[in-house]
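Q: Following this line is model_7.txt, made up of compact mmCIF, C-alpha atoms (C1' of nucleotides):
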# COMPACT_ATOMS: atom_id res chain seq x y z
CA MET A 1 0.00 0.00 0.00
CA LYS A 2 1.18 3.48 -0.82
CA LYS A 3 2.21 5.52 2.15
CA ILE A 4 1.07 8.99 2.92
CA LEU A 5 1.96 10.97 5.98
CA ILE A 6 -0.69 13.22 7.42
CA ILE A 7 0.12 16.03 9.79
CA CYS A 8 -2.90 17.66 11.34
CA GLY A 9 -3.98 19.63 14.39
CA PRO A 10 -5.14 23.09 15.29
CA THR A 11 -3.59 26.22 13.90
CA ALA A 12 -0.28 27.54 15.20
CA THR A 13 1.14 24.26 16.40
CA GLY A 14 3.95 24.24 13.86
CA LYS A 15 2.56 21.66 11.46
CA THR A 16 4.22 23.06 8.38
CA ALA A 17 7.59 23.49 10.02
CA LEU A 18 7.49 19.89 11.14
CA ALA A 19 6.35 18.71 7.73
CA LEU A 20 9.20 20.54 6.03
CA LYS A 21 11.69 18.88 8.32
CA LEU A 22 10.24 15.46 7.69
CA ALA A 23 10.13 16.13 3.97
CA LYS A 24 13.84 16.75 3.94
CA GLN A 25 14.55 13.69 5.95
CA TRP A 26 12.33 11.31 4.00
CA ASN A 27 12.36 12.82 0.57
CA GLY A 28 8.82 14.07 0.79
CA GLU A 29 6.64 16.73 -0.74
CA LEU A 30 4.05 18.80 1.06
CA ILE A 31 0.40 19.02 0.20
CA SER A 32 -1.63 21.62 2.03
CA ALA A 33 -5.01 20.54 3.32
CA ASP A 34 -6.29 23.94 4.14
CA SER A 35 -9.49 25.43 2.84
CA ARG A 36 -8.15 28.99 2.72
CA GLN A 37 -4.59 28.52 1.58
CA VAL A 38 -5.92 27.33 -1.75
CA TYR A 39 -6.57 30.95 -2.62
CA LYS A 40 -3.96 32.77 -4.66
CA GLY A 41 -2.18 35.50 -2.76
CA LEU A 42 -3.32 36.25 0.78
CA ASP A 43 -0.15 34.64 2.11
CA ALA A 44 -0.02 36.48 5.39
CA LEU A 45 -3.74 36.43 5.89
CA THR A 46 -4.03 32.68 5.51
CA GLY A 47 -0.70 31.95 7.11
CA LYS A 48 1.10 30.24 4.27
CA ASP A 49 4.56 29.16 5.21
CA ARG A 50 7.01 29.67 2.39
CA SER A 51 10.10 29.77 4.54
CA ASP A 52 11.58 26.82 2.67
CA ASP A 53 12.63 26.38 -0.93
CA GLY A 54 10.26 23.49 -1.53
CA ALA A 55 6.90 24.28 -3.05
CA VAL A 56 3.74 23.28 -1.27
CA TRP A 57 1.09 21.63 -3.37
CA LEU A 58 -2.40 23.07 -3.25
CA TYR A 59 -1.37 26.49 -2.17
CA ASP A 60 -2.68 29.06 -4.66
CA VAL A 61 -4.91 26.97 -6.82
CA VAL A 62 -7.85 29.31 -7.36
CA GLU A 63 -8.68 32.98 -7.26
CA PRO A 64 -10.22 34.04 -3.93
CA GLY A 65 -13.63 34.56 -5.48
CA SER A 66 -14.02 31.28 -7.28
CA GLU A 67 -15.77 28.16 -6.23
CA PHE A 68 -13.77 25.68 -4.24
CA SER A 69 -14.87 22.90 -1.94
CA VAL A 70 -13.90 19.56 -0.46
CA ALA A 71 -14.66 17.87 -3.75
CA HIS A 72 -12.15 20.02 -5.57
CA PHE A 73 -9.64 19.43 -2.86
CA VAL A 74 -10.03 15.68 -2.95
CA ARG A 75 -9.65 15.52 -6.72
CA LEU A 76 -6.59 17.72 -6.76
CA ALA A 77 -4.97 16.15 -3.76
CA ARG A 78 -5.44 12.63 -5.03
CA SER A 79 -3.90 13.40 -8.36
CA VAL A 80 -0.98 15.15 -6.72
CA ILE A 81 -0.49 12.16 -4.45
CA VAL A 82 -0.43 9.79 -7.41
CA ASP A 83 2.12 12.00 -9.03
CA ILE A 84 4.33 12.17 -5.98
CA HIS A 85 4.22 8.43 -5.61
CA LYS A 86 5.20 8.08 -9.25
CA ARG A 87 8.29 10.05 -8.50
CA LYS A 88 9.00 7.72 -5.59
CA LYS A 89 8.57 10.37 -3.00
CA LEU A 90 6.54 10.60 0.15
CA PRO A 91 3.39 12.72 0.12
CA ILE A 92 3.05 14.66 3.34
CA VAL A 93 -0.41 16.12 3.73
CA VAL A 94 -0.41 18.94 6.22
CA GLY A 95 -3.39 20.95 7.27
CA GLY A 96 -6.01 21.91 9.73
CA THR A 97 -9.15 21.45 7.69
CA GLY A 98 -10.33 18.23 9.24
CA PHE A 99 -13.10 17.60 6.79
CA TYR A 100 -10.70 17.77 3.85
CA LEU A 101 -8.50 15.19 5.48
CA THR A 102 -11.41 12.89 6.17
CA ALA A 103 -12.72 13.23 2.65
CA LEU A 104 -9.29 12.56 1.21
CA THR A 105 -8.84 9.33 3.07
CA THR A 106 -12.35 7.91 2.97
CA ALA A 107 -15.04 7.55 0.36
CA ILE A 108 -17.79 10.13 0.55
CA ASP A 109 -20.41 9.14 -1.99
CA SER A 110 -22.29 12.39 -2.11
CA LEU A 111 -19.15 14.17 -3.23
CA ALA A 112 -20.03 13.13 -6.75
CA VAL A 113 -23.13 15.30 -6.61
CA PRO A 114 -22.25 18.80 -7.73
CA PRO A 115 -24.04 21.86 -6.47
CA ASN A 116 -27.26 22.73 -8.23
CA PRO A 117 -27.33 26.52 -8.45
CA ALA A 118 -30.96 26.70 -9.48
CA LEU A 119 -32.03 24.60 -6.55
CA ARG A 120 -29.83 26.47 -4.10
CA ASN A 121 -31.17 29.70 -5.36
CA ALA A 122 -34.74 28.53 -5.07
CA PHE A 123 -34.28 27.54 -1.45
CA HIS A 124 -31.98 30.38 -0.55
CA ALA A 125 -34.53 32.35 1.42
CA ALA A 126 -36.71 29.43 2.43
CA SER A 127 -37.68 29.11 6.05
CA LEU A 128 -36.23 26.37 8.18
CA GLU A 129 -39.62 24.69 8.46
CA SER A 130 -40.18 24.57 4.73
CA LEU A 131 -36.71 23.13 4.17
CA GLN A 132 -37.38 20.47 6.76
CA GLN A 133 -40.69 19.60 5.12
CA GLU A 134 -39.14 19.49 1.69
CA LEU A 135 -36.41 17.11 2.73
CA GLN A 136 -38.87 14.88 4.55
CA ARG A 137 -40.89 14.79 1.36
CA VAL A 138 -38.09 14.03 -1.10
CA SER A 139 -36.13 11.74 1.18
CA PRO A 140 -37.54 10.69 4.53
CA ASP A 141 -34.59 8.39 4.73
CA ARG A 142 -31.96 11.11 4.52
CA TRP A 143 -33.96 13.23 6.92
CA GLY A 144 -34.02 10.40 9.40
CA ARG A 145 -30.28 9.97 9.18
CA MET A 146 -29.56 13.57 10.03
CA ASN A 147 -28.95 14.43 13.65
CA GLU A 148 -30.88 17.07 15.50
CA SER A 149 -28.29 19.72 14.90
CA ASP A 150 -28.19 19.20 11.15
CA GLN A 151 -31.94 19.04 10.94
CA LYS A 152 -31.89 22.65 12.03
CA ASN A 153 -29.08 23.66 9.73
CA PRO A 154 -30.45 25.32 6.56
CA ARG A 155 -27.25 24.83 4.61
CA ARG A 156 -27.13 21.13 5.33
CA LEU A 157 -30.82 20.75 4.61
CA ILE A 158 -30.45 22.32 1.20
CA ARG A 159 -27.48 20.15 0.41
CA ALA A 160 -29.39 17.06 1.52
CA ILE A 161 -32.27 17.96 -0.75
CA GLU A 162 -29.81 18.58 -3.55
CA VAL A 163 -28.20 15.18 -3.10
CA ALA A 164 -31.53 13.42 -2.74
CA MET A 165 -32.82 14.89 -5.97
CA SER A 166 -29.71 14.23 -7.96
CA ALA A 167 -29.33 11.29 -10.31
CA LYS A 168 -25.58 11.41 -10.06
CA TYR A 169 -25.18 9.54 -6.86
CA ILE A 170 -22.23 7.33 -7.64
CA PRO A 171 -20.59 5.24 -4.97
CA GLN A 172 -17.01 6.33 -4.50
CA VAL A 173 -14.03 4.09 -4.04
CA ARG A 174 -12.20 4.22 -0.81
CA PRO A 175 -8.58 5.03 -1.48
CA HIS A 176 -6.04 2.55 -0.26
CA PHE A 177 -3.40 4.42 1.58
CA ASP A 178 -1.13 3.38 4.35
CA ALA A 179 -1.62 6.62 6.18
CA LEU A 180 0.14 7.70 9.33
CA TRP A 181 -1.76 10.42 11.13
CA ILE A 182 0.37 12.69 13.26
CA GLY A 183 -1.55 15.21 15.34
CA LEU A 184 0.11 18.23 16.87
CA ILE A 185 -1.48 19.73 19.93
CA ALA A 186 -0.57 22.20 22.65
CA PRO A 187 -2.12 23.28 25.94
CA LEU A 188 -4.74 25.97 25.29
CA ALA A 189 -2.79 28.71 27.03
CA MET A 190 0.22 28.01 24.87
CA LEU A 191 -1.92 27.84 21.77
CA LYS A 192 -3.37 31.21 22.59
CA GLN A 193 0.09 32.68 23.01
CA ARG A 194 1.39 31.24 19.76
CA ILE A 195 -1.66 32.48 17.90
CA THR A 196 -1.21 35.96 19.31
CA ASN A 197 2.42 36.01 18.22
CA ARG A 198 1.70 34.68 14.78
CA VAL A 199 -1.06 37.16 14.14
CA ALA A 200 1.12 40.03 15.29
CA GLU A 201 3.88 38.96 12.91
CA ARG A 202 1.56 38.73 9.96
CA PHE A 203 -0.53 41.78 10.70
CA ASP A 204 1.03 44.46 8.52
CA LYS A 205 1.35 42.28 5.47
CA ALA A 206 -2.13 40.87 5.95
CA ALA A 207 -3.51 44.37 6.24
CA SER A 208 -2.17 45.07 2.77
CA GLU A 209 -3.79 41.94 1.41
CA VAL A 210 -7.36 42.42 2.56
CA ARG A 211 -10.00 43.98 0.38
CA ASP A 212 -13.71 43.83 -0.07
CA GLY A 213 -15.32 40.77 -1.54
CA LEU A 214 -13.00 38.16 -0.11
CA PRO A 215 -14.49 34.85 1.00
CA PRO A 216 -14.97 34.45 4.75
CA ILE A 217 -11.48 34.29 6.19
CA LEU A 218 -10.53 34.87 9.79
CA GLY A 219 -9.17 38.31 10.39
CA VAL A 220 -10.59 40.01 7.33
CA ALA A 221 -13.26 41.89 9.24
CA SER A 222 -10.89 43.20 11.90
CA LEU A 223 -8.19 44.04 9.37
CA LEU A 224 -10.62 45.95 7.20
CA SER A 225 -11.89 47.92 10.14
CA PHE A 226 -8.28 48.81 10.89
CA THR A 227 -7.37 49.85 7.35
CA ARG A 228 -10.48 51.98 7.24
CA GLY A 229 -9.49 53.69 10.42
CA GLN A 230 -12.45 52.35 12.35
CA SER A 231 -10.31 50.62 14.91
CA THR A 232 -6.81 50.74 16.25
CA LYS A 233 -4.15 48.23 15.40
CA LYS A 234 -4.26 46.95 18.92
CA GLU A 235 -7.99 46.30 18.77
CA ALA A 236 -7.81 44.68 15.35
CA LEU A 237 -4.96 42.50 16.48
CA ALA A 238 -6.80 41.34 19.56
CA LYS A 239 -9.97 40.58 17.62
CA TRP A 240 -8.19 38.66 14.92
CA ALA A 241 -6.19 36.64 17.43
CA TRP A 242 -9.34 35.85 19.34
CA ALA A 243 -11.11 34.65 16.22
CA GLU A 244 -8.15 32.39 15.45
CA TYR A 245 -8.18 31.05 18.95
CA GLN A 246 -11.86 30.21 18.73
CA TYR A 247 -11.18 28.49 15.46
CA ALA A 248 -8.38 26.48 17.01
CA LYS A 249 -10.81 25.20 19.61
CA ARG A 250 -13.26 24.16 16.92
CA GLN A 251 -10.47 22.31 15.18
CA VAL A 252 -9.65 20.49 18.37
CA THR A 253 -13.28 19.43 18.66
CA TRP A 254 -13.16 17.97 15.17
CA PHE A 255 -9.88 16.14 15.58
CA LYS A 256 -10.85 14.69 18.94
CA LYS A 257 -13.10 12.18 17.26
CA GLU A 258 -10.46 10.95 14.83
CA LYS A 259 -9.19 8.07 16.86
CA HIS A 260 -6.45 7.05 14.42
CA ILE A 261 -4.44 10.18 15.12
CA GLN A 262 -1.20 9.82 17.06
CA TRP A 263 -1.02 12.90 19.21
CA PHE A 264 2.10 14.81 20.15
CA ASP A 265 2.17 17.76 22.49
CA VAL A 266 4.46 20.47 21.16
CA SER A 267 5.00 21.87 24.64
CA ASP A 268 6.77 18.65 25.40
CA THR A 269 10.50 19.07 24.86
CA SER A 270 10.91 15.59 23.46
CA CYS A 271 8.09 16.12 20.99
CA GLY A 272 10.35 16.37 17.96
CA GLU A 273 12.18 13.17 18.70
CA ALA A 274 8.98 11.35 19.50
CA VAL A 275 7.47 12.28 16.18
CA ALA A 276 10.65 11.37 14.36
CA ALA A 277 10.71 7.97 15.99
CA CYS A 278 7.08 7.39 15.18
CA VAL A 279 7.52 8.32 11.54
CA THR A 280 10.68 6.28 11.21
CA ALA A 281 9.02 3.21 12.61
CA TRP A 282 6.13 3.56 10.22
CA TYR A 283 8.09 4.55 7.14
CA THR A 284 10.80 1.95 7.36
CA ASN A 285 8.33 -0.75 8.12
C1' G B 1 -21.87 74.11 39.75
C1' C B 2 -26.30 73.94 36.37
C1' U B 3 -29.16 71.18 32.62
C1' G B 4 -30.17 66.60 30.12
C1' A B 5 -29.44 61.21 29.71
C1' G B 6 -28.30 56.96 32.31
C1' G B 7 -26.65 53.00 35.99
C1' U B 8 -29.56 45.42 34.41
C1' G B 9 -26.26 38.99 34.77
C1' C B 10 -18.79 37.97 32.16
C1' C B 11 -19.67 41.97 28.05
C1' G B 12 -23.14 44.64 24.84
C1' G B 13 -28.05 45.58 25.34
C1' A B 14 -33.92 44.73 25.96
C1' G B 15 -37.48 44.99 29.67
C1' U B 16 -40.58 49.91 32.56
C1' G B 17 -45.80 47.05 38.65
C1' G B 18 -47.26 40.53 38.61
C1' U B 19 -46.83 35.47 33.51
C1' C B 20 -38.73 37.87 35.18
C1' A B 21 -33.47 34.19 36.91
C1' A B 22 -34.97 38.40 33.50
C1' U B 23 -35.94 38.85 25.34
C1' C B 24 -31.74 39.10 22.13
C1' G B 25 -26.57 39.21 20.56
C1' G B 26 -21.44 38.22 21.99
C1' U B 27 -18.18 35.50 25.15
C1' G B 28 -17.62 30.70 27.73
C1' C B 29 -18.42 25.26 27.99
C1' A B 30 -19.95 20.81 25.42
C1' G B 31 -21.02 18.98 20.64
C1' A B 32 -22.48 18.10 15.39
C1' C B 33 -20.36 17.90 10.68
C1' U B 34 -20.52 13.09 3.77
C1' G B 35 -19.33 19.78 -2.19
C1' U B 36 -19.65 26.85 1.17
C1' A B 37 -16.00 23.27 6.62
C1' A B 38 -11.29 29.53 8.78
C1' A B 39 -18.03 27.76 6.70
C1' U B 40 -22.72 26.25 8.78
C1' C B 41 -25.44 24.44 12.81
C1' U B 42 -27.15 22.27 17.95
C1' G B 43 -27.41 22.18 23.41
C1' C B 44 -26.11 24.40 28.09
C1' C B 45 -24.80 28.96 30.28
C1' G B 46 -26.71 33.17 38.53
C1' C B 47 -25.96 29.58 42.89
C1' C B 48 -27.59 24.85 45.35
C1' C B 49 -30.30 19.96 45.26
C1' U B 50 -32.16 16.50 40.87
C1' A B 51 -30.80 11.62 35.83
C1' A B 52 -35.06 14.51 34.51
C1' C B 53 -39.75 16.79 35.94
C1' G B 54 -39.22 20.02 39.63
C1' G B 55 -37.76 22.59 44.04
C1' G B 56 -34.87 26.08 47.13
C1' C B 57 -31.73 30.51 47.49
C1' U B 58 -29.64 35.17 45.92
C1' A B 59 -30.27 38.86 42.10
C1' C B 60 -31.44 44.32 37.95
C1' C B 61 -25.84 50.80 41.69
C1' C B 62 -26.76 51.70 47.42
C1' A B 63 -30.30 52.87 51.43
C1' G B 64 -35.15 53.69 52.65
C1' G B 65 -40.42 53.90 51.12
C1' U B 66 -45.28 52.83 48.46
C1' U B 67 -47.81 48.13 47.21
C1' C B 68 -50.81 41.81 48.38
C1' G B 69 -46.58 42.11 44.82
C1' A B 70 -40.96 46.30 42.26
C1' A B 71 -35.63 45.45 37.73
C1' U B 72 -40.02 48.35 36.83
C1' C B 73 -43.26 53.68 41.03
C1' C B 74 -41.50 57.48 45.05
C1' U B 75 -37.45 59.80 48.25
C1' G B 76 -32.40 60.38 49.37
C1' G B 77 -27.37 59.05 48.27
C1' C B 78 -23.28 57.46 45.14
C1' C B 79 -21.35 56.99 40.22
C1' U B 80 -21.07 57.62 34.66
C1' C B 81 -21.86 60.23 30.13
C1' A B 82 -23.40 64.58 27.03
C1' G B 83 -24.13 69.93 26.82
C1' C B 84 -23.59 74.56 29.46
C1' A B 85 -20.38 76.87 32.78
Would you give me this structure, written as structure tokens?

A:
Amino acid sequence: MKKILIICGPTATGKTALALKLAKQWNGELISADSRQVYKGLDALTGKDRSDDGAVWLYDVVEPGSEFSVAHFVRLARSVIVDIHKRKKLPIVVGGTGFYLTALTTAIDSLAVPPNPALRNAFHAASLESLQQELQRVSPDRWGRMNESDQKNPRRLIRAIEVAMSAKYIPQVRPHFDALWIGLIAPLAMLKQRITNRVAERFDKAASEVRDGLPPILGVASLLSFTRGQSTKKEALAKWAWAEYQYAKRQVTWFKKEKHIQWFDVSDTSCGEAVAACVTAWYTN
RNA sequence: GCUGAGGUGCCGGAGUGGUCAAUCGGUGCAGACUGUAAAUCUGCCGCCCUAACGGGCUACCCAGGUUCGAAUCCUGGCCUCAGCA
């Protein structure tokens, strides 16, 4: 089975730095699994790490305005992985978008169903109740499989209706990877500190990158209010850092349930060695 | 010092005699997640007991008062803000 190394975890734990190190050691290439770093430009805003000479796959693949989703990611990432394997190198997938990672390594059938703009548009302003009724009508089965939270989530309801009404439901093939999942974590207080530092470092450059019309990206709102003179740098900085911190906690919630992840605490001084040992054992096996 | 506005739970901010532990938003905590996932959504969120239903306690600046009953009305005090000095 082809090996891929996955490095995941919340933001600001040093995933990319670690991945770059491992790439050197094991002749690997990085693939970013990050839903915002796919956008061209916005390096500081989305925290792209270009400190090394090696290119990172799936950075800068689309313009900020254009459509991009898990399905695009999976397609691109899989073809890049095939390519890297062809060149006898090790793909190292690094990123914090948990859903992308899950989709990459499992088979999600509904991913074959593309968005239906007409349908989305038709339901855009529909009330929650009418969406619920519509889904129960077109697919009681799907409705029944949704949990209580999703049953109240308009976006998920519309997507469920979209999938239910599509003819293109093709079962997907589960990829066969020998994947090693390395998770990087840190105590919350440390995470908060690292986020604050990172945001401060990137602030000025990010401020020059923001503009109207960008997709939802953490920090844009506070940076714009700063560049427009509606808030001080200090305020904008604090707000942006806080948003990142909240995001980090959401990431932790997601990754918690992925039981195949081997966790390493970066506040632990022997963390680096531990990861190295773990990777070595897996890779040379 | 005068005039006007106002002091509500961690924060913002509703409520203006009972149905108020107090709408709503944010934060916080827990969680969901199968093409927007850095998105979207759910639950809980004064304290104590309870698995829950429910019950008890303390609360709307402070002190008095009116009333069967006050976050809501009255009096006094303290503080904040805006304008005038």

Q: Give as a list of chain:residue names every residue of chain A that touches chain B within 6 Å, counting all atoms listed in the file.

A: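 Going by the stated atoms only, the list reads A:Ser69, A:Val70, A:Ala71, A:Ile108, A:Leu111, A:Ser149, A:Asn153, A:Ile217, A:Leu218.
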
Q: Atom C1' of B:U3 and atom C1' of B:C78, how far apart in Å?

A: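 Separating atom C1' of B:C78 from atom C1' of B:U3 is a distance of 19.5 Å.
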
Q: For A:Met165, which residue among A:Met190, A:Ala125, A:Ala200, A:Val113 is the nearest when counting only C-alpha atoms?

A: A:Val113

Q: Give me the residues near stretch 201-204 of chain A as number ranges by chain, where near means some atom within 8 Å (using all atoms listed in the file) and where sequence neighbours in that chain fewer than 6 positions away do not count.

A: A: 44-45, 47, 237

Q: In Å, with one decimal, what is the gap from atom CA of A:Trp57 to atom CA of A:Asp83?

A: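 So the answer is 11.2 Å.
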
Q: Calculate how many Å separate atom CA of A:Trp263 from atom CA of A:Leu184, rounding to one decimal.

A: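 It comes out at 5.9 Å.
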
Q: Do you know which residues are at most 9 Å from B:A71 counting only C-alpha atoms (C1' of nucleotides), after dropping those on the same chain fewer than 4 positions away, and could you put them as a list in words?

A: U8, G15, U16, C20, A22 and C60 of chain B
